[in-house]
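Shown next: coords-v9.pdb, containing PDB, C-alpha atoms and all ligand atoms.
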```
MODEL        1
ATOM      1  CA  MET M  20      32.890  70.803  36.996
ATOM      2  CA  GLU M  21      30.340  70.345  39.722
ATOM      3  CA  LYS M  22      28.200  67.295  40.326
ATOM      4  CA  THR M  23      24.840  67.565  42.043
ATOM      5  CA  LEU M  24      22.292  65.095  43.338
ATOM      6  CA  VAL M  25      18.675  65.047  42.212
ATOM      7  CA  ILE M  26      16.065  62.710  43.641
ATOM      8  CA  LEU M  27      12.929  62.121  41.601
ATOM      9  CA  LYS M  28      10.484  61.759  44.479
ATOM     10  CA  PRO M  29       7.732  59.117  44.672
ATOM     11  CA  CYS M  30       5.199  61.736  43.488
ATOM     12  CA  CYS M  31       7.269  62.205  40.313
ATOM     13  CA  LEU M  32       7.260  58.464  39.596
ATOM     14  CA  GLN M  33       3.588  58.015  40.466
ATOM     15  CA  ARG M  34       2.538  60.890  38.246
ATOM     16  CA  GLY M  35       4.509  59.656  35.263
ATOM     17  CA  LEU M  36       6.819  62.662  35.157
ATOM     18  CA  ILE M  37      10.202  60.909  35.094
ATOM     19  CA  GLY M  38      10.779  61.577  31.405
ATOM     20  CA  GLU M  39       9.607  65.197  31.596
ATOM     21  CA  VAL M  40      11.999  66.023  34.419
ATOM     22  CA  ILE M  41      15.003  64.172  32.984
ATOM     23  CA  HIS M  42      14.346  65.775  29.608
ATOM     24  CA  ARG M  43      14.635  69.249  31.130
ATOM     25  CA  PHE M  44      18.056  68.597  32.636
ATOM     26  CA  GLU M  45      19.267  66.987  29.411
ATOM     27  CA  ARG M  46      18.075  69.863  27.229
ATOM     28  CA  LYS M  47      19.723  72.348  29.576
ATOM     29  CA  GLY M  48      23.087  70.757  28.787
ATOM     30  CA  LEU M  49      23.764  68.966  32.050
ATOM     31  CA  GLN M  50      25.427  65.570  31.787
ATOM     32  CA  LEU M  51      23.813  62.555  33.452
ATOM     33  CA  CYS M  52      26.639  60.772  35.308
ATOM     34  CA  GLY M  53      24.702  58.286  37.430
ATOM     35  CA  MET M  54      21.152  57.075  37.859
ATOM     36  CA  LYS M  55      19.385  54.341  39.810
ATOM     37  CA  MET M  56      16.060  53.384  41.301
ATOM     38  CA  MET M  57      16.005  52.705  45.011
ATOM     39  CA  GLN M  58      13.634  52.355  47.932
ATOM     40  CA  LEU M  59      14.486  54.908  50.628
ATOM     41  CA  THR M  60      14.547  53.735  54.226
ATOM     42  CA  ASP M  61      14.037  55.268  57.635
ATOM     43  CA  ASP M  62      17.805  55.470  58.260
ATOM     44  CA  ILE M  63      18.768  57.204  55.046
ATOM     45  CA  LEU M  64      15.868  59.662  55.322
ATOM     46  CA  ARG M  65      16.763  60.598  58.904
ATOM     47  CA  GLU M  66      20.271  61.354  57.671
ATOM     48  CA  HIS M  67      19.208  63.092  54.466
ATOM     49  CA  TYR M  68      16.599  65.284  56.146
ATOM     50  CA  ALA M  69      18.506  65.694  59.436
ATOM     51  CA  HIS M  70      17.676  69.425  59.390
ATOM     52  CA  LEU M  71      13.957  68.542  59.545
ATOM     53  CA  VAL M  72      13.902  65.534  61.906
ATOM     54  CA  GLU M  73      12.607  67.633  64.814
ATOM     55  CA  LYS M  74       9.796  69.216  62.798
ATOM     56  CA  PRO M  75       6.218  68.108  63.447
ATOM     57  CA  PHE M  76       5.811  67.261  59.777
ATOM     58  CA  PHE M  77       8.860  64.993  59.598
ATOM     59  CA  LYS M  78       6.752  61.815  59.660
ATOM     60  CA  ARG M  79       4.824  63.129  56.673
ATOM     61  CA  ILE M  80       8.086  63.762  54.793
ATOM     62  CA  LYS M  81       9.254  60.256  55.605
ATOM     63  CA  ASP M  82       5.959  58.593  54.642
ATOM     64  CA  SER M  83       5.909  60.552  51.408
ATOM     65  CA  MET M  84       9.517  59.702  50.505
ATOM     66  CA  GLU M  85       9.027  56.006  51.349
ATOM     67  CA  ALA M  86       5.709  55.694  49.506
ATOM     68  CA  SER M  87       7.328  54.112  46.461
ATOM     69  CA  PRO M  88      10.841  53.826  45.021
ATOM     70  CA  VAL M  89      12.645  56.979  43.953
ATOM     71  CA  ILE M  90      15.185  57.624  41.222
ATOM     72  CA  VAL M  91      18.438  59.204  42.302
ATOM     73  CA  CYS M  92      20.547  60.875  39.659
ATOM     74  CA  CYS M  93      23.779  62.784  39.372
ATOM     75  CA  TRP M  94      24.029  65.745  36.987
ATOM     76  CA  LYS M  95      27.312  67.374  36.043
ATOM     77  CA  GLY M  96      28.101  70.806  34.643
ATOM     78  CA  ILE M  97      29.681  74.156  35.427
ATOM     79  CA  ASP M  98      27.823  75.545  38.460
ATOM     80  CA  ALA M  99      25.543  72.492  38.275
ATOM     81  CA  VAL M 100      24.374  72.817  41.889
ATOM     82  CA  GLN M 101      23.003  76.326  41.472
ATOM     83  CA  VAL M 102      21.678  75.629  37.958
ATOM     84  CA  VAL M 103      19.685  72.589  39.110
ATOM     85  CA  ARG M 104      18.339  74.373  42.196
ATOM     86  CA  ALA M 105      17.123  77.216  39.986
ATOM     87  CA  MET M 106      15.487  74.724  37.613
ATOM     88  CA  ALA M 107      13.749  72.973  40.547
ATOM     89  CA  GLY M 108      12.397  76.240  41.936
ATOM     90  CA  PRO M 109      11.286  77.151  45.475
ATOM     91  CA  THR M 110      10.085  74.394  47.849
ATOM     92  CA  ASN M 111       6.380  75.259  47.684
ATOM     93  CA  GLY M 112       5.031  74.225  44.293
ATOM     94  CA  ARG M 113       2.183  76.734  44.583
ATOM     95  CA  GLN M 114       4.654  79.586  44.902
ATOM     96  CA  ALA M 115       7.316  78.294  42.531
ATOM     97  CA  PRO M 116       7.329  80.328  39.318
ATOM     98  CA  PRO M 117       6.091  78.794  36.072
ATOM     99  CA  GLY M 118       9.061  77.529  34.096
ATOM    100  CA  THR M 119      10.560  75.794  37.114
ATOM    101  CA  ILE M 120       9.962  72.072  37.666
ATOM    102  CA  ARG M 121       8.030  72.634  40.878
ATOM    103  CA  GLY M 122       6.234  75.615  39.366
ATOM    104  CA  ASP M 123       5.101  73.603  36.361
ATOM    105  CA  TYR M 124       4.287  70.243  37.945
ATOM    106  CA  SER M 125       3.509  70.721  41.645
ATOM    107  CA  MET M 126       0.698  72.134  43.784
ATOM    108  CA  SER M 127       2.331  71.146  47.080
ATOM    109  CA  VAL M 128       5.094  71.871  49.599
ATOM    110  CA  GLN M 129       5.656  68.191  50.213
ATOM    111  CA  GLU M 130       4.784  66.596  46.876
ATOM    112  CA  ASN M 131       7.187  68.830  44.992
ATOM    113  CA  ILE M 132       8.585  66.361  42.448
ATOM    114  CA  VAL M 133      12.340  66.648  43.045
ATOM    115  CA  HIS M 134      15.008  67.004  45.659
ATOM    116  CA  ALA M 135      18.074  68.977  44.579
ATOM    117  CA  SER M 136      21.276  69.557  46.571
ATOM    118  CA  ASP M 137      21.416  73.092  47.933
ATOM    119  CA  SER M 138      25.181  73.784  47.988
ATOM    120  CA  VAL M 139      28.442  72.407  46.612
ATOM    121  CA  GLU M 140      29.328  71.014  50.048
ATOM    122  CA  THR M 141      25.917  69.380  50.489
ATOM    123  CA  ALA M 142      26.073  67.951  46.968
ATOM    124  CA  ALA M 143      29.313  66.089  47.753
ATOM    125  CA  ILE M 144      27.850  64.685  50.971
ATOM    126  CA  GLU M 145      24.586  63.692  49.274
ATOM    127  CA  MET M 146      26.358  62.073  46.312
ATOM    128  CA  ALA M 147      28.318  59.898  48.768
ATOM    129  CA  ARG M 148      25.107  59.113  50.635
ATOM    130  CA  PHE M 149      23.258  57.750  47.623
ATOM    131  CA  PHE M 150      25.941  56.481  45.222
ATOM    132  CA  ASN M 151      28.861  54.098  45.398
ATOM    133  CA  ASN M 152      31.954  55.276  43.512
ATOM    134  CA  ASP M 153      31.448  52.699  40.750
ATOM    135  CA  GLU M 154      27.934  53.977  40.097
ATOM    136  CA  VAL M 155      29.104  57.433  39.025
ATOM    137  CA  PHE M 156      30.644  57.636  35.571
ATOM    138  CA  GLU M 157      33.250  59.933  34.063
ATOM    139  CA  PHE M 158      32.901  60.016  30.279
ATOM    140  CA  ASN M 159      33.306  62.512  27.458
ATOM    141  CA  GLN M 160      30.443  64.835  26.689
ATOM    142  CA  TYR M 161      31.051  65.389  23.002
ATOM    143  CA  GLN M 162      29.077  68.589  22.550
ATOM    144  CA  LEU M 163      30.994  70.301  25.353
ATOM    145  CA  GLU M 164      32.561  72.981  23.133
ATOM    146  CA  PHE M 165      29.106  73.912  21.879
ATOM    147  CA  LEU M 166      27.678  74.088  25.390
ATOM    148  CA  TYR M 167      30.370  76.346  26.816
ATOM    149  CA  ALA M 168      32.813  78.951  25.558
ATOM    150  CA  ASN M 169      36.525  78.091  25.625
ATOM    151  CA  ASP M 170      37.203  80.381  28.529
ATOM    152  CA  GLU M 171      34.444  78.795  30.598
ATOM    153  CA  LEU M 172      35.900  75.303  30.353
TER     154      LEU M 172
HETATM  155  P1  LIG I 201      14.045  71.917  49.524
HETATM  156  O1  LIG I 201      13.560  70.562  49.069
HETATM  157  O2  LIG I 201      13.471  73.029  48.658
HETATM  158  O3  LIG I 201      15.534  72.005  49.663
HETATM  159  P2  LIG I 201      13.896  71.769  52.426
HETATM  160  O4  LIG I 201      13.572  72.906  53.330
HETATM  161  O5  LIG I 201      15.284  71.231  52.439
HETATM  162  O6  LIG I 201      13.415  72.187  50.965
HETATM  163  O7  LIG I 201      12.877  70.612  52.804
HETATM  164  C1  LIG I 201      13.041  69.317  52.304
HETATM  165  C2  LIG I 201      11.696  68.743  51.914
HETATM  166  O8  LIG I 201      10.885  68.609  53.067
HETATM  167  C3  LIG I 201      10.883  69.652  50.961
HETATM  168  O9  LIG I 201      11.223  69.447  49.613
HETATM  169  C4  LIG I 201       9.493  69.196  51.264
HETATM  170  O10 LIG I 201       9.210  67.987  50.561
HETATM  171  C5  LIG I 201       9.547  68.909  52.758
HETATM  172  N1  LIG I 201       9.145  70.089  53.537
HETATM  173  C6  LIG I 201       9.862  71.184  53.789
HETATM  174  N2  LIG I 201       9.177  72.077  54.540
HETATM  175  C7  LIG I 201       7.980  71.511  54.748
HETATM  176  C8  LIG I 201       6.808  71.953  55.461
HETATM  177  O11 LIG I 201       6.750  73.047  56.042
HETATM  178  N3  LIG I 201       5.769  71.085  55.458
HETATM  179  C9  LIG I 201       5.822  69.878  54.839
HETATM  180  N4  LIG I 201       6.910  69.448  54.163
HETATM  181  C10 LIG I 201       7.971  70.246  54.121
HETATM  182 MG    MG I 202      16.784  71.031  51.021
ENDMDL
END
```
Go ahead and render the structure in this file as structure tokens.
Ligand code: IDP
Ligand code: MG
Amino acid sequence: MEKTLVILKPCCLQRGLIGEVIHRFERKGLQLCGMKMMQLTDDILREHYAHLVEKPFFKRIKDSMEASPVIVCCWKGIDAVQVVRAMAGPTNGRQAPPGTIRGDYSMSVQENIVHASDSVETAAIEMARFFNNDEVFEFNQYQLEFLYANDEL
């Protein structure tokens, strides 16, 4: 099964949406395998958003992501990376369709509630960036056979 990284951004914490967002992933059937609160720093953000460091708005991204602690979490499931990306919705909250997290809770490109890994390769890199091995847990998910068909597992 895949694991993917989600970051509940400072705007999610400040707006009191932690429970709402976590609830969605839980109800979907994804398994929470790791979770912690942390304060992001200049170094980790330059690495995490390396593809945007040269953009004129990078300082705004950094200020926004450092504005308060974030919650990083790991969700596990079959095709978890693509499932979580679809649940997050497109980057711009004003264009994200209703029913997606960004579509339901965000009016902004920047203040868009969550980060979600965008590929299986990126997810592995991002998991290693934010979690130590002993912070990610392997444990039975007892409703597994009701979440998936035999031939999917
Ligand atoms: P994603 O979060 O949907 O994967 P990316 O293009 O990887 O989108 O951008 C990372 C984050 O950088 C976005 O979630 C958003 O917070 C911010 N960002 C991206 N593009 C812009 C922009 O054009 N203006 C301001 N912030 C942006
Ligand atoms: Mg991205």
Take the PyMOL selection byres (((chain M and resi 143-149) around 8) and not hetatm), apply it to the structure above, and return the hits as a list in words.
->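 Taken over the shown coordinates, the PyMOL selection byres (((chain M and resi 143-149) around 8) and not hetatm) returns Lys22, Thr23, Leu24, Ile63, His67, Val91, Cys93, Ser136, Val139, Glu140, Thr141, Ala142, Phe150, Asn151 and Asn152 of chain M.
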List all protein, DNA and RNA residues that have an atom no more than 8 Å from any atom of ligand MG 202 (chain I), counting only C-alpha atoms and all ligand atoms, and report them as a ChimeraX atom specification.
-> /M:68,134-137
Any chance you could export the current selection's C-alpha atoms as a CSV table (one decimal), in the frame of the given file?
```
chain,number,residue,atom,x,y,z
M,68,TYR,CA,16.6,65.3,56.1
M,134,HIS,CA,15.0,67.0,45.7
M,135,ALA,CA,18.1,69.0,44.6
M,136,SER,CA,21.3,69.6,46.6
M,137,ASP,CA,21.4,73.1,47.9
```
Would you mind listing the residues within 8 Å of ligand LIG 201 (chain I), counting only C-alpha atoms and all ligand atoms, as a ChimeraX atom specification?
-> /M:68,70-71,76-77,79-80,108-111,128-131,133-137
Point-to-point distance from CA of Phe165 in chain M to CA of Val25 in chain M, Å rounded to tenths =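 CA of Val25 in chain M lies at a distance of 24.5 Å from CA of Phe165 in chain M.
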Could you give me, as a PDB file with C-alpha atoms, in the coordinates of the input, the residues that sit within 7 Å of (22.5, 58.5, 39.3) in the file's coordinates, counting only C-alpha atoms?
```pdb
ATOM      1  CA  CYS M  52      26.639  60.772  35.308  1.00  0.00           C
ATOM      2  CA  GLY M  53      24.702  58.286  37.430  1.00  0.00           C
ATOM      3  CA  MET M  54      21.152  57.075  37.859  1.00  0.00           C
ATOM      4  CA  LYS M  55      19.385  54.341  39.810  1.00  0.00           C
ATOM      5  CA  VAL M  91      18.438  59.204  42.302  1.00  0.00           C
ATOM      6  CA  CYS M  92      20.547  60.875  39.659  1.00  0.00           C
ATOM      7  CA  CYS M  93      23.779  62.784  39.372  1.00  0.00           C
ATOM      8  CA  VAL M 155      29.104  57.433  39.025  1.00  0.00           C
TER       9      VAL M 155
END
```
Determine the nearest neighbour of Phe158 in chain M from the options M:Pro29, M:Lys95, M:Val40, M:Ala69, counting all atoms listed in the file.
->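 With all atoms listed in the file as the atom set, the closest residue is M:Lys95.
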What is the CA of Gly118 in chain M-CA of Val102 in chain M distance in Å, reported with one decimal?
->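 Distance between the two atoms: 13.3 Å.
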Enter the distance from CA of Gln162 in chain M to CA of Gly48 in chain M, in Å, rounded to one decimal.
-> 8.9 Å
